[in-house]
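Structure file run31.txt (compact mmCIF, C-alpha atoms) follows.
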```
# COMPACT_ATOMS: atom_id res chain seq x y z
CA MET A 1 29.83 29.76 -247.70
CA ALA A 2 31.67 29.40 -244.41
CA ARG A 3 35.26 30.61 -244.26
CA ARG A 4 37.74 27.73 -244.36
CA PRO A 5 39.93 27.12 -241.31
CA VAL A 6 43.53 28.32 -241.50
CA LEU A 7 46.82 26.67 -240.57
CA GLU A 8 50.04 28.68 -240.37
CA PHE A 9 53.10 26.81 -241.67
CA TRP A 10 56.34 28.29 -240.32
CA TYR A 11 59.33 26.99 -242.23
CA GLU A 12 63.09 27.53 -242.49
CA PHE A 13 64.92 26.63 -245.69
CA ALA A 14 67.87 25.12 -243.79
CA SER A 15 65.52 22.70 -241.99
CA THR A 16 65.44 19.13 -243.27
CA TYR A 17 62.07 18.21 -241.79
CA SER A 18 60.55 21.44 -243.16
CA TYR A 19 61.32 20.00 -246.62
CA LEU A 20 59.13 16.96 -245.93
CA ALA A 21 56.32 19.13 -244.57
CA ALA A 22 56.49 21.58 -247.50
CA MET A 23 56.08 18.77 -250.02
CA ARG A 24 53.10 17.24 -248.17
CA ILE A 25 51.14 20.14 -246.76
CA GLU A 26 49.18 21.32 -249.79
CA ALA A 27 47.57 17.99 -250.65
CA LEU A 28 46.83 17.17 -247.01
CA ALA A 29 45.40 20.63 -246.31
CA GLU A 30 43.22 20.50 -249.41
CA ALA A 31 41.86 17.10 -248.36
CA ALA A 32 41.09 18.54 -244.91
CA GLY A 33 39.53 21.74 -246.31
CA VAL A 34 42.14 23.94 -244.64
CA ASP A 35 43.88 27.05 -246.04
CA VAL A 36 47.65 27.20 -245.49
CA ARG A 37 49.52 30.41 -244.66
CA TRP A 38 53.19 29.91 -245.59
CA ARG A 39 55.42 31.78 -243.13
CA PRO A 40 59.17 31.79 -243.85
CA PHE A 41 61.53 32.76 -241.02
CA LEU A 42 65.12 32.30 -239.86
CA LEU A 43 66.06 29.87 -237.08
CA GLY A 44 69.58 31.31 -236.83
CA PRO A 45 68.70 34.25 -234.54
CA ILE A 46 66.54 31.97 -232.35
CA PHE A 47 69.34 29.42 -232.04
CA SER A 48 71.90 32.18 -231.36
CA ALA A 49 69.79 33.49 -228.48
CA GLN A 50 70.17 30.12 -226.74
CA GLY A 51 73.89 29.92 -227.42
CA TRP A 52 73.94 27.79 -230.58
CA ASN A 53 76.09 28.97 -233.47
CA THR A 54 75.00 26.26 -235.92
CA SER A 55 72.37 23.52 -236.30
CA PRO A 56 71.81 21.33 -233.22
CA PHE A 57 72.39 18.41 -235.61
CA ASN A 58 75.98 19.62 -235.95
CA LEU A 59 76.39 20.54 -232.27
CA TYR A 60 75.21 17.09 -231.14
CA PRO A 61 76.78 14.56 -233.55
CA ALA A 62 74.85 11.49 -232.34
CA LYS A 63 71.58 13.32 -232.92
CA GLY A 64 72.84 14.53 -236.29
CA ARG A 65 73.84 11.06 -237.48
CA TYR A 66 70.41 9.78 -236.52
CA MET A 67 68.63 12.67 -238.24
CA TRP A 68 70.29 11.95 -241.60
CA ARG A 69 69.31 8.29 -241.42
CA ASP A 70 65.79 9.17 -240.31
CA MET A 71 65.44 11.65 -243.18
CA GLU A 72 66.53 8.94 -245.66
CA ARG A 73 63.85 6.60 -244.35
CA GLU A 74 61.12 9.23 -244.13
CA ALA A 75 61.80 10.65 -247.58
CA ALA A 76 61.79 7.14 -249.07
CA ALA A 77 58.51 6.33 -247.34
CA LEU A 78 56.99 9.52 -248.78
CA GLY A 79 58.37 8.86 -252.25
CA LEU A 80 60.53 12.02 -252.12
CA PRO A 81 64.11 12.28 -253.41
CA PHE A 82 66.68 13.12 -250.73
CA ARG A 83 70.30 14.23 -250.98
CA ARG A 84 72.32 15.90 -248.26
CA PRO A 85 73.62 19.36 -249.26
CA ASN A 86 77.19 20.32 -248.44
CA PRO A 87 77.70 22.33 -246.33
CA PHE A 88 74.84 21.76 -243.94
CA PRO A 89 73.11 23.91 -242.89
CA GLN A 90 72.89 25.99 -246.05
CA ASN A 91 72.84 29.75 -245.62
CA SER A 92 69.16 30.38 -246.25
CA LEU A 93 69.08 34.19 -246.07
CA ALA A 94 68.82 35.04 -249.79
CA ALA A 95 66.14 32.42 -250.45
CA THR A 96 64.18 33.36 -247.33
CA ARG A 97 64.03 37.02 -248.33
CA VAL A 98 62.46 35.97 -251.64
CA ALA A 99 60.02 33.70 -249.81
CA VAL A 100 58.99 36.63 -247.60
CA LEU A 101 58.21 38.65 -250.72
CA GLY A 102 56.33 35.60 -251.99
CA ILE A 103 53.86 35.81 -249.09
CA ASP A 104 51.99 38.42 -251.13
CA HIS A 105 52.25 36.58 -254.46
CA PRO A 106 50.69 33.38 -255.77
CA TRP A 107 54.16 32.01 -256.60
CA GLY A 108 55.22 31.93 -252.91
CA PRO A 109 54.56 28.24 -252.15
CA THR A 110 55.79 27.19 -255.61
CA PHE A 111 59.06 29.02 -255.00
CA ALA A 112 59.45 27.48 -251.54
CA LYS A 113 58.98 23.97 -252.89
CA ALA A 114 61.46 24.65 -255.71
CA VAL A 115 64.06 25.78 -253.16
CA TYR A 116 63.54 22.65 -251.07
CA ARG A 117 63.71 20.41 -254.13
CA THR A 118 67.03 21.99 -255.16
CA GLU A 119 68.49 21.82 -251.65
CA PHE A 120 67.30 18.48 -250.28
CA GLY A 121 65.95 16.70 -253.35
CA GLU A 122 69.08 17.35 -255.43
CA GLY A 123 71.58 18.25 -252.69
CA ARG A 124 72.53 21.50 -254.44
CA SER A 125 73.41 24.86 -252.95
CA ILE A 126 70.75 27.50 -252.30
CA ALA A 127 73.14 29.84 -250.51
CA GLU A 128 74.21 32.22 -253.27
CA PRO A 129 71.92 34.80 -254.86
CA ALA A 130 72.85 33.16 -258.18
CA ALA A 131 71.26 29.89 -257.03
CA VAL A 132 68.09 31.69 -256.01
CA HIS A 133 68.17 33.58 -259.32
CA ALA A 134 68.25 30.30 -261.24
CA ILE A 135 65.29 28.94 -259.28
CA LEU A 136 63.26 32.09 -260.04
CA VAL A 137 64.11 31.87 -263.73
CA GLY A 138 63.06 28.23 -263.68
CA LEU A 139 59.64 29.34 -262.44
CA GLY A 140 59.33 31.86 -265.28
CA LEU A 141 59.59 34.87 -262.96
CA ASP A 142 61.48 38.13 -263.49
CA ALA A 143 64.39 37.08 -261.31
CA ASP A 144 66.28 40.39 -261.36
CA SER A 145 63.25 42.35 -260.28
CA VAL A 146 62.24 39.86 -257.57
CA LEU A 147 65.75 39.72 -256.10
CA LYS A 148 66.00 43.49 -256.06
CA THR A 149 62.71 43.94 -254.22
CA ALA A 150 63.56 41.08 -251.85
CA ALA A 151 66.85 42.76 -250.90
CA ALA A 152 65.27 46.16 -250.30
CA GLU A 153 64.84 47.52 -246.80
CA PRO A 154 61.06 47.03 -246.35
CA ASN A 155 61.30 43.32 -247.19
CA LYS A 156 64.39 42.80 -245.00
CA THR A 157 62.54 44.46 -242.13
CA ARG A 158 59.56 42.20 -242.70
CA LEU A 159 61.76 39.09 -242.40
CA LYS A 160 63.18 40.39 -239.13
CA ALA A 161 59.63 40.96 -237.87
CA LEU A 162 58.54 37.46 -238.89
CA THR A 163 61.50 35.89 -237.10
CA GLU A 164 60.77 37.95 -233.99
CA GLU A 165 57.09 36.98 -234.20
CA ALA A 166 58.07 33.30 -234.36
CA ARG A 167 60.34 33.62 -231.34
CA SER A 168 57.80 35.56 -229.30
CA ARG A 169 55.12 32.95 -230.02
CA GLY A 170 57.35 30.16 -228.71
CA VAL A 171 58.82 28.75 -231.92
CA PHE A 172 62.08 26.88 -231.21
CA GLY A 173 62.42 24.74 -234.34
CA ALA A 174 60.94 24.07 -237.76
CA PRO A 175 58.55 23.21 -239.17
CA THR A 176 56.05 24.68 -236.71
CA PHE A 177 52.31 24.90 -237.29
CA PHE A 178 49.78 27.18 -235.60
CA ALA A 179 46.05 26.53 -235.70
CA GLU A 180 43.67 29.41 -235.05
CA GLY A 181 43.54 30.10 -231.33
CA GLY A 182 47.31 29.69 -231.18
CA GLU A 183 47.62 25.94 -230.72
CA MET A 184 51.19 25.05 -231.72
CA PHE A 185 52.52 21.85 -233.30
CA TRP A 186 56.20 21.17 -233.95
CA GLY A 187 57.66 18.87 -236.56
CA ASN A 188 56.66 17.16 -239.78
CA ASP A 189 55.34 14.31 -237.62
CA ARG A 190 52.63 16.61 -236.24
CA LEU A 191 51.24 17.89 -239.56
CA GLU A 192 48.24 15.55 -239.48
CA GLN A 193 47.35 16.48 -235.89
CA ALA A 194 47.74 20.18 -236.67
CA LEU A 195 45.32 19.90 -239.60
CA ALA A 196 42.85 17.91 -237.50
CA TRP A 197 43.02 20.59 -234.81
CA ALA A 198 42.53 23.33 -237.41
CA THR A 199 39.33 21.69 -238.63
CA GLY A 200 37.92 21.63 -235.11
CA GLU A 201 38.66 18.04 -234.17
CA ARG A 202 39.94 19.13 -230.78
CA ALA A 203 40.12 15.57 -229.47
CA VAL A 204 42.49 14.12 -232.03
CA VAL A 205 41.67 10.46 -232.51
CA ALA A 206 44.83 8.42 -232.11
CA ARG A 207 45.53 5.43 -234.28
CA GLU A 208 46.32 3.26 -231.28
CA ALA A 209 43.94 4.60 -228.67
CA ALA A 210 42.33 1.20 -228.37
CA ALA A 211 45.64 -0.67 -228.34
CA ALA A 212 47.04 1.48 -225.55
CA ARG A 213 44.18 0.85 -223.14
CA MET B 214 58.12 -22.56 -235.74
CA ALA B 215 60.19 -19.62 -236.93
CA ARG B 216 61.74 -17.40 -234.30
CA ARG B 217 59.85 -14.14 -233.86
CA PRO B 218 61.63 -10.89 -234.72
CA VAL B 219 62.94 -8.81 -231.83
CA LEU B 220 62.75 -5.10 -231.06
CA GLU B 221 64.88 -3.55 -228.31
CA PHE B 222 63.07 -0.84 -226.33
CA TRP B 223 65.52 1.45 -224.53
CA TYR B 224 63.75 3.57 -221.94
CA GLU B 225 64.55 6.06 -219.18
CA PHE B 226 62.11 6.54 -216.32
CA ALA B 227 62.58 10.33 -216.33
CA SER B 228 61.54 10.51 -220.01
CA THR B 229 58.00 11.65 -220.72
CA TYR B 230 57.74 10.17 -224.20
CA SER B 231 59.11 6.85 -222.92
CA TYR B 232 55.95 6.69 -220.78
CA LEU B 233 53.74 6.81 -223.89
CA ALA B 234 55.85 4.16 -225.63
CA ALA B 235 55.89 1.86 -222.58
CA MET B 236 52.10 1.88 -222.38
CA ARG B 237 51.69 1.13 -226.11
CA ILE B 238 54.50 -1.20 -227.05
CA GLU B 239 53.20 -4.54 -225.81
CA ALA B 240 49.88 -4.49 -227.67
CA LEU B 241 51.44 -3.12 -230.85
CA ALA B 242 54.33 -5.61 -230.75
CA GLU B 243 51.94 -8.51 -230.16
CA ALA B 244 49.83 -7.43 -233.12
CA ALA B 245 52.98 -7.28 -235.25
CA GLY B 246 54.30 -10.63 -233.99
CA VAL B 247 57.42 -9.02 -232.51
CA ASP B 248 59.16 -9.82 -229.19
CA VAL B 249 60.17 -6.80 -227.12
CA ARG B 250 63.41 -6.61 -225.12
CA TRP B 251 62.98 -3.95 -222.42
CA ARG B 252 66.27 -2.13 -221.84
CA PRO B 253 66.36 0.41 -218.97
CA PHE B 254 69.22 2.92 -218.92
CA LEU B 255 70.13 6.37 -217.61
CA LEU B 256 70.16 9.45 -219.85
CA GLY B 257 71.94 11.53 -217.18
CA PRO B 258 75.49 10.37 -217.99
CA ILE B 259 74.83 10.76 -221.73
CA PHE B 260 73.46 14.30 -221.24
CA SER B 261 76.37 15.16 -218.91
CA ALA B 262 78.89 14.12 -221.55
CA GLN B 263 77.47 16.79 -223.87
CA GLY B 264 77.43 19.45 -221.17
CA TRP B 265 73.82 19.21 -219.98
CA ASN B 266 73.19 19.06 -216.23
CA THR B 267 69.42 18.54 -216.49
CA SER B 268 66.72 17.71 -219.04
CA PRO B 269 66.92 19.66 -222.32
CA PHE B 270 63.27 20.53 -221.63
CA ASN B 271 64.49 22.52 -218.62
CA LEU B 272 67.57 23.93 -220.38
CA TYR B 273 65.49 25.20 -223.32
CA PRO B 274 62.27 26.63 -221.82
CA ALA B 275 60.40 27.19 -225.11
CA LYS B 276 60.97 23.55 -226.04
CA GLY B 277 59.95 22.49 -222.53
CA ARG B 278 56.69 24.46 -222.59
CA TYR B 279 55.82 22.90 -225.90
CA MET B 280 56.70 19.39 -224.70
CA TRP B 281 54.27 19.58 -221.76
CA ARG B 282 51.46 20.73 -224.03
CA ASP B 283 52.30 18.08 -226.63
CA MET B 284 52.33 15.39 -223.92
CA GLU B 285 48.87 16.50 -222.75
CA ARG B 286 47.53 16.18 -226.26
CA GLU B 287 49.27 12.89 -227.05
CA ALA B 288 48.26 11.24 -223.77
CA ALA B 289 44.65 12.34 -224.26
CA ALA B 290 44.64 10.98 -227.81
CA LEU B 291 45.94 7.64 -226.50
CA GLY B 292 43.46 7.56 -223.63
CA LEU B 293 46.25 7.70 -221.03
CA PRO B 294 46.18 9.76 -217.83
CA PHE B 295 48.87 12.43 -217.59
CA ARG B 296 50.09 14.53 -214.68
CA ARG B 297 53.37 16.37 -214.47
CA PRO B 298 55.57 15.25 -211.56
CA ASN B 299 57.33 17.84 -209.43
CA PRO B 300 60.28 18.12 -209.64
CA PHE B 301 60.94 17.25 -213.24
CA PRO B 302 62.98 15.31 -214.11
CA GLN B 303 62.54 12.79 -211.32
CA ASN B 304 65.67 11.07 -210.02
CA SER B 305 65.24 7.70 -211.70
CA LEU B 306 68.23 5.82 -210.27
CA ALA B 307 66.50 3.65 -207.65
CA ALA B 308 63.70 2.62 -210.01
CA THR B 309 66.10 1.98 -212.87
CA ARG B 310 68.23 -0.37 -210.78
CA VAL B 311 65.13 -2.44 -210.06
CA ALA B 312 64.19 -2.40 -213.75
CA VAL B 313 67.67 -3.68 -214.62
CA LEU B 314 67.12 -6.58 -212.23
CA GLY B 315 63.72 -7.07 -213.87
CA ILE B 316 65.35 -7.82 -217.24
CA ASP B 317 65.79 -11.39 -215.98
CA HIS B 318 62.33 -11.70 -214.43
CA PRO B 319 58.84 -11.85 -215.90
CA TRP B 320 57.77 -8.88 -213.75
CA GLY B 321 60.19 -6.48 -215.52
CA PRO B 322 57.76 -4.85 -217.97
CA THR B 323 54.95 -4.85 -215.39
CA PHE B 324 57.21 -3.01 -212.94
CA ALA B 325 58.29 -0.49 -215.60
CA LYS B 326 54.68 0.31 -216.49
CA ALA B 327 53.76 0.68 -212.81
CA VAL B 328 56.62 3.17 -212.35
CA TYR B 329 55.49 5.20 -215.35
CA ARG B 330 51.87 5.14 -214.19
CA THR B 331 52.90 6.46 -210.76
CA GLU B 332 55.19 9.13 -212.19
CA PHE B 333 53.34 10.45 -215.24
CA GLY B 334 49.84 9.01 -214.83
CA GLU B 335 49.48 10.19 -211.22
CA GLY B 336 52.26 12.80 -211.07
CA ARG B 337 53.78 11.21 -207.96
CA SER B 338 57.41 10.83 -206.96
CA ILE B 339 59.45 7.78 -207.96
CA ALA B 340 62.71 9.19 -206.64
CA GLU B 341 62.94 7.68 -203.14
CA PRO B 342 63.56 3.99 -202.48
CA ALA B 343 60.34 4.11 -200.42
CA ALA B 344 58.34 5.02 -203.54
CA VAL B 345 59.91 2.14 -205.46
CA HIS B 346 59.26 -0.13 -202.46
CA ALA B 347 55.57 0.74 -202.53
CA ILE B 348 55.34 -0.02 -206.25
CA LEU B 349 56.95 -3.43 -205.72
CA VAL B 350 54.59 -4.23 -202.86
CA GLY B 351 51.69 -3.23 -205.09
CA LEU B 352 52.83 -5.84 -207.58
CA GLY B 353 52.91 -8.52 -204.88
CA LEU B 354 56.70 -8.83 -204.95
CA ASP B 355 59.13 -9.23 -202.04
CA ALA B 356 60.12 -5.57 -202.08
CA ASP B 357 62.89 -5.78 -199.46
CA SER B 358 64.62 -8.61 -201.24
CA VAL B 359 64.29 -7.01 -204.70
CA LEU B 360 65.62 -3.65 -203.51
CA LYS B 361 68.58 -5.29 -201.76
CA THR B 362 69.58 -7.25 -204.87
CA ALA B 363 69.03 -4.21 -207.08
CA ALA B 364 71.38 -2.12 -204.90
CA ALA B 365 74.14 -4.76 -204.87
CA GLU B 366 77.32 -4.26 -206.86
CA PRO B 367 76.69 -6.70 -209.77
CA ASN B 368 73.36 -5.05 -210.62
CA LYS B 369 74.78 -1.53 -210.31
CA THR B 370 77.59 -2.53 -212.64
CA ARG B 371 75.09 -3.93 -215.12
CA LEU B 372 73.22 -0.61 -215.22
CA LYS B 373 76.48 1.22 -215.91
CA ALA B 374 77.20 -1.23 -218.73
CA LEU B 375 73.73 -0.78 -220.22
CA THR B 376 74.09 3.00 -220.18
CA GLU B 377 77.52 2.74 -221.80
CA GLU B 378 76.12 0.33 -224.39
CA ALA B 379 73.34 2.82 -225.23
CA ARG B 380 75.82 5.67 -225.61
CA SER B 381 78.23 3.65 -227.74
CA ARG B 382 75.39 2.57 -230.06
CA GLY B 383 74.41 6.19 -230.68
CA VAL B 384 71.52 6.66 -228.25
CA PHE B 385 71.02 10.37 -227.45
CA GLY B 386 67.47 10.35 -226.07
CA ALA B 387 64.58 8.13 -225.07
CA PRO B 388 62.70 6.13 -226.03
CA THR B 389 65.01 4.55 -228.59
CA PHE B 390 64.26 1.34 -230.47
CA PHE B 391 66.70 -1.00 -232.23
CA ALA B 392 65.60 -3.58 -234.77
CA GLU B 393 67.87 -6.54 -235.49
CA GLY B 394 70.71 -5.41 -237.70
CA GLY B 395 71.03 -2.27 -235.60
CA GLU B 396 68.52 0.01 -237.28
CA MET B 397 67.73 2.74 -234.77
CA PHE B 398 64.49 4.68 -234.24
CA TRP B 399 64.09 7.55 -231.78
CA GLY B 400 60.90 8.69 -230.13
CA ASN B 401 57.42 7.41 -229.37
CA ASP B 402 56.41 8.73 -232.81
CA ARG B 403 58.65 6.11 -234.46
CA LEU B 404 57.33 3.04 -232.62
CA GLU B 405 55.16 1.92 -235.54
CA GLN B 406 58.00 2.30 -238.06
CA ALA B 407 60.39 0.44 -235.74
CA LEU B 408 57.98 -2.49 -235.48
CA ALA B 409 57.43 -2.51 -239.24
CA TRP B 410 61.20 -2.58 -239.76
CA ALA B 411 61.58 -5.41 -237.24
CA THR B 412 59.10 -7.54 -239.14
CA GLY B 413 61.06 -7.11 -242.35
CA GLU B 414 59.02 -4.38 -243.99
CA ARG B 415 62.17 -2.51 -244.96
CA ALA B 416 60.29 -0.08 -247.19
CA VAL B 417 57.95 1.40 -244.61
CA VAL B 418 54.71 2.36 -246.30
CA ALA B 419 53.89 5.94 -245.44
CA ARG B 420 50.37 7.03 -244.83
CA GLU B 421 50.70 9.96 -247.20
CA ALA B 422 53.01 8.59 -249.87
CA ALA B 423 50.39 9.13 -252.51
CA ALA B 424 49.43 12.58 -251.25
CA ALA B 425 53.03 13.80 -251.29
CA ARG B 426 53.66 12.97 -254.92
```

Before we go any further, please render this structure as structure tokens.
Amino acid sequence: MARRPVLEFWYEFASTYSYLAAMRIEALAEAAGVDVRWRPFLLGPIFSAQGWNTSPFNLYPAKGRYMWRDMEREAAALGLPFRRPNPFPQNSLAATRVAVLGIDHPWGPTFAKAVYRTEFGEGRSIAEPAAVHAILVGLGLDADSVLKTAAAEPNKTRLKALTEEARSRGVFGAPTFFAEGGEMFWGNDRLEQALAWATGERAVVAREAAAAR
Amino acid sequence: MARRPVLEFWYEFASTYSYLAAMRIEALAEAAGVDVRWRPFLLGPIFSAQGWNTSPFNLYPAKGRYMWRDMEREAAALGLPFRRPNPFPQNSLAATRVAVLGIDHPWGPTFAKAVYRTEFGEGRSIAEPAAVHAILVGLGLDADSVLKTAAAEPNKTRLKALTEEARSRGVFGAPTFFAEGGEMFWGNDRLEQALAWATGERAVVAREAAAAR
């Protein structure tokens, strides 16, 4: 049997549009016959390097106001609950360390979706280790053991390496998808194109190709 | 006969994604039974107010590199030619003044599409009045007369008012669409949703609603 094509899914827990992508990607990838590699990372260091000390949606209020309205519409259209957490962005460090550990465990994607559901589906905090602990318990995992391993040096180093890998490959926001060969797609709006590219449909057929001519 | 719904299409000639929207909007709007109001404006003053002295695609190189690649893919998928003009962004003032005059003339949208075709389809300059003159001549218009009226005080004032109207209504980029009632949509990727909203389909049906559940 031929190996299935792979799509890398780089996500940040503080990212609103990553929530939409995380809730959609498994069903869409399965339908396309594509394997997903979940890759958690931190946008904070990437934003800092270009002089931003918080989300661009906070730095640029007009863009931020629009984003919240757009998220309401998009979530409704996808049948997903949506509530804005306070504060925004949430400190995603504790949850991201667990997600990094989850790369090597079958519960990784399940944990990531549970974090997003708590944060953007219910508008609750994911910032404190206690919040992450509760999510792990909810999944039937040994929360104490997972949190301890996640906070240990090797795992912290791995998160730093993932974030540096994202930056060095040109990631500037989330979600970002990479097809094999390095083709990059940014944003929940590009998930379908990214999957089509991954399956070898290099010339993505546009919905309105005919209309535009 | 009932009045047809209206969608405002706010565009900036220096904006790459506005090019894609300009080439698609008429056929899509006609199919949806929606009238389009073309609204040229300048992003420069809006960017300046938030401390940017050029395109964000120049200020943030990783984002810029991605944008050019994404534009290549999107244009190809839509069957549109695409060449990057040098320099980018082009000074769009002369062309925009003519487009403002074109709001009151049937040649307005035709002129706007011809500018975009020159700039992003052929990668040629639109910055000098001579370039705009040649485009007008190509459309069979009295180029000298149009340019003179476009450069007169009332038309210049109208462009300033349009740009201020865009800013005050929350526009932070282009293209931006407004449906009646003020619902705002940003980006070529939202053209379909904006048209659906304009026709009264308040609950936009997502392609993957089922898949996401």

>> One decimal, in Å: what's the spacing between CA of Ser228 in chain B and CA of Ala387 in chain B?
In response: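 One can read the CA of Ser228 in chain B to CA of Ala387 in chain B distance as 6.4 Å.
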
> Within 10 Å of range 347-352 of chain B, counting all atoms listed in the file, which residues qualify if same-chain residues fewer than 3 places away don't, as a list in words?
Replying inline: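 The residues satisfying every condition are Ala308, Val311, Trp320, Thr323, Phe324, Ala325, Ala327, Val328, Thr331, Ile339, Pro342, Ala343, Ala344, Asp355, Ala356, Asp357, Val359 and Leu360 of chain B.
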
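Restricting the calculation to only C-alpha atoms, the smallest distance between Ala94 in chain A and any of A:Ala14, A:Ala49, A:Ala62, A:Val34 is found for A:Ala14.
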
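Counting from CA of Arg39 in chain A, the distance to CA of Trp10 in chain A is 4.6 Å.
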
Contact residues around Ala235 in chain B with all atoms listed in the file at 9 Å, ignoring same-chain residues under 5 positions, as a compact mmCIF listing (two decimals) with C-alpha atoms, keeping the file's coordinate frame:
```
# COMPACT_ATOMS: atom_id res chain seq x y z
CA PHE B 222 63.07 -0.84 -226.33
CA TYR B 224 63.75 3.57 -221.94
CA TYR B 230 57.74 10.17 -224.20
CA PRO B 322 57.76 -4.85 -217.97
CA ALA B 325 58.29 -0.49 -215.60
CA LYS B 326 54.68 0.31 -216.49
CA TYR B 329 55.49 5.20 -215.35
CA PRO B 388 62.70 6.13 -226.03
CA ASN B 401 57.42 7.41 -229.37
```

Using only C-alpha atoms, list the residues that have an atom at most 12 Å from (60.1, 22.4, -236.9), coordinates as in the file, as a PDB file with C-alpha atoms, keeping the file's coordinate frame.
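Just written: result_7.pdb:
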```
ATOM      1  CA  PHE A   9      53.100  26.810-241.670  1.00  0.00           C
ATOM      2  CA  TRP A  10      56.340  28.290-240.320  1.00  0.00           C
ATOM      3  CA  TYR A  11      59.330  26.990-242.230  1.00  0.00           C
ATOM      4  CA  GLU A  12      63.090  27.530-242.490  1.00  0.00           C
ATOM      5  CA  PHE A  13      64.920  26.630-245.690  1.00  0.00           C
ATOM      6  CA  ALA A  14      67.870  25.120-243.790  1.00  0.00           C
ATOM      7  CA  SER A  15      65.520  22.700-241.990  1.00  0.00           C
ATOM      8  CA  THR A  16      65.440  19.130-243.270  1.00  0.00           C
ATOM      9  CA  TYR A  17      62.070  18.210-241.790  1.00  0.00           C
ATOM     10  CA  SER A  18      60.550  21.440-243.160  1.00  0.00           C
ATOM     11  CA  TYR A  19      61.320  20.000-246.620  1.00  0.00           C
ATOM     12  CA  LEU A  20      59.130  16.960-245.930  1.00  0.00           C
ATOM     13  CA  ALA A  21      56.320  19.130-244.570  1.00  0.00           C
ATOM     14  CA  ALA A  22      56.490  21.580-247.500  1.00  0.00           C
ATOM     15  CA  PRO A  40      59.170  31.790-243.850  1.00  0.00           C
ATOM     16  CA  PHE A  41      61.530  32.760-241.020  1.00  0.00           C
ATOM     17  CA  LEU A  42      65.120  32.300-239.860  1.00  0.00           C
ATOM     18  CA  LEU A  43      66.060  29.870-237.080  1.00  0.00           C
ATOM     19  CA  ALA A 166      58.070  33.300-234.360  1.00  0.00           C
ATOM     20  CA  GLY A 170      57.350  30.160-228.710  1.00  0.00           C
ATOM     21  CA  VAL A 171      58.820  28.750-231.920  1.00  0.00           C
ATOM     22  CA  PHE A 172      62.080  26.880-231.210  1.00  0.00           C
ATOM     23  CA  GLY A 173      62.420  24.740-234.340  1.00  0.00           C
ATOM     24  CA  ALA A 174      60.940  24.070-237.760  1.00  0.00           C
ATOM     25  CA  PRO A 175      58.550  23.210-239.170  1.00  0.00           C
ATOM     26  CA  THR A 176      56.050  24.680-236.710  1.00  0.00           C
ATOM     27  CA  PHE A 177      52.310  24.900-237.290  1.00  0.00           C
ATOM     28  CA  PHE A 178      49.780  27.180-235.600  1.00  0.00           C
ATOM     29  CA  MET A 184      51.190  25.050-231.720  1.00  0.00           C
ATOM     30  CA  PHE A 185      52.520  21.850-233.300  1.00  0.00           C
ATOM     31  CA  TRP A 186      56.200  21.170-233.950  1.00  0.00           C
ATOM     32  CA  GLY A 187      57.660  18.870-236.560  1.00  0.00           C
ATOM     33  CA  ASN A 188      56.660  17.160-239.780  1.00  0.00           C
ATOM     34  CA  ASP A 189      55.340  14.310-237.620  1.00  0.00           C
ATOM     35  CA  ARG A 190      52.630  16.610-236.240  1.00  0.00           C
ATOM     36  CA  LEU A 191      51.240  17.890-239.560  1.00  0.00           C
TER      37      LEU A 191
ATOM     38  CA  LYS B 276      60.970  23.550-226.040  1.00  0.00           C
ATOM     39  CA  TYR B 279      55.820  22.900-225.900  1.00  0.00           C
TER      40      TYR B 279
END
```

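Each of A:Val36, A:Val6, A:Ala196, A:Ala76 was compared to chain B using all atoms listed in the file, and A:Ala76 turns out to be the nearest.
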
> Taking into account all atoms listed in the file, which residue in the set B:Arg382, B:Lys361, B:Lys369, B:Arg337 is nearest to Pro298 in chain B?
Replying inline: B:Arg337

> Of the residues A:Ile103, A:Met71, A:Leu78, A:Leu7, which is the one nearest to chain B, using all atoms listed in the file?
Replying inline: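 Ranked by minimum distance to chain B, first place goes to A:Leu78.
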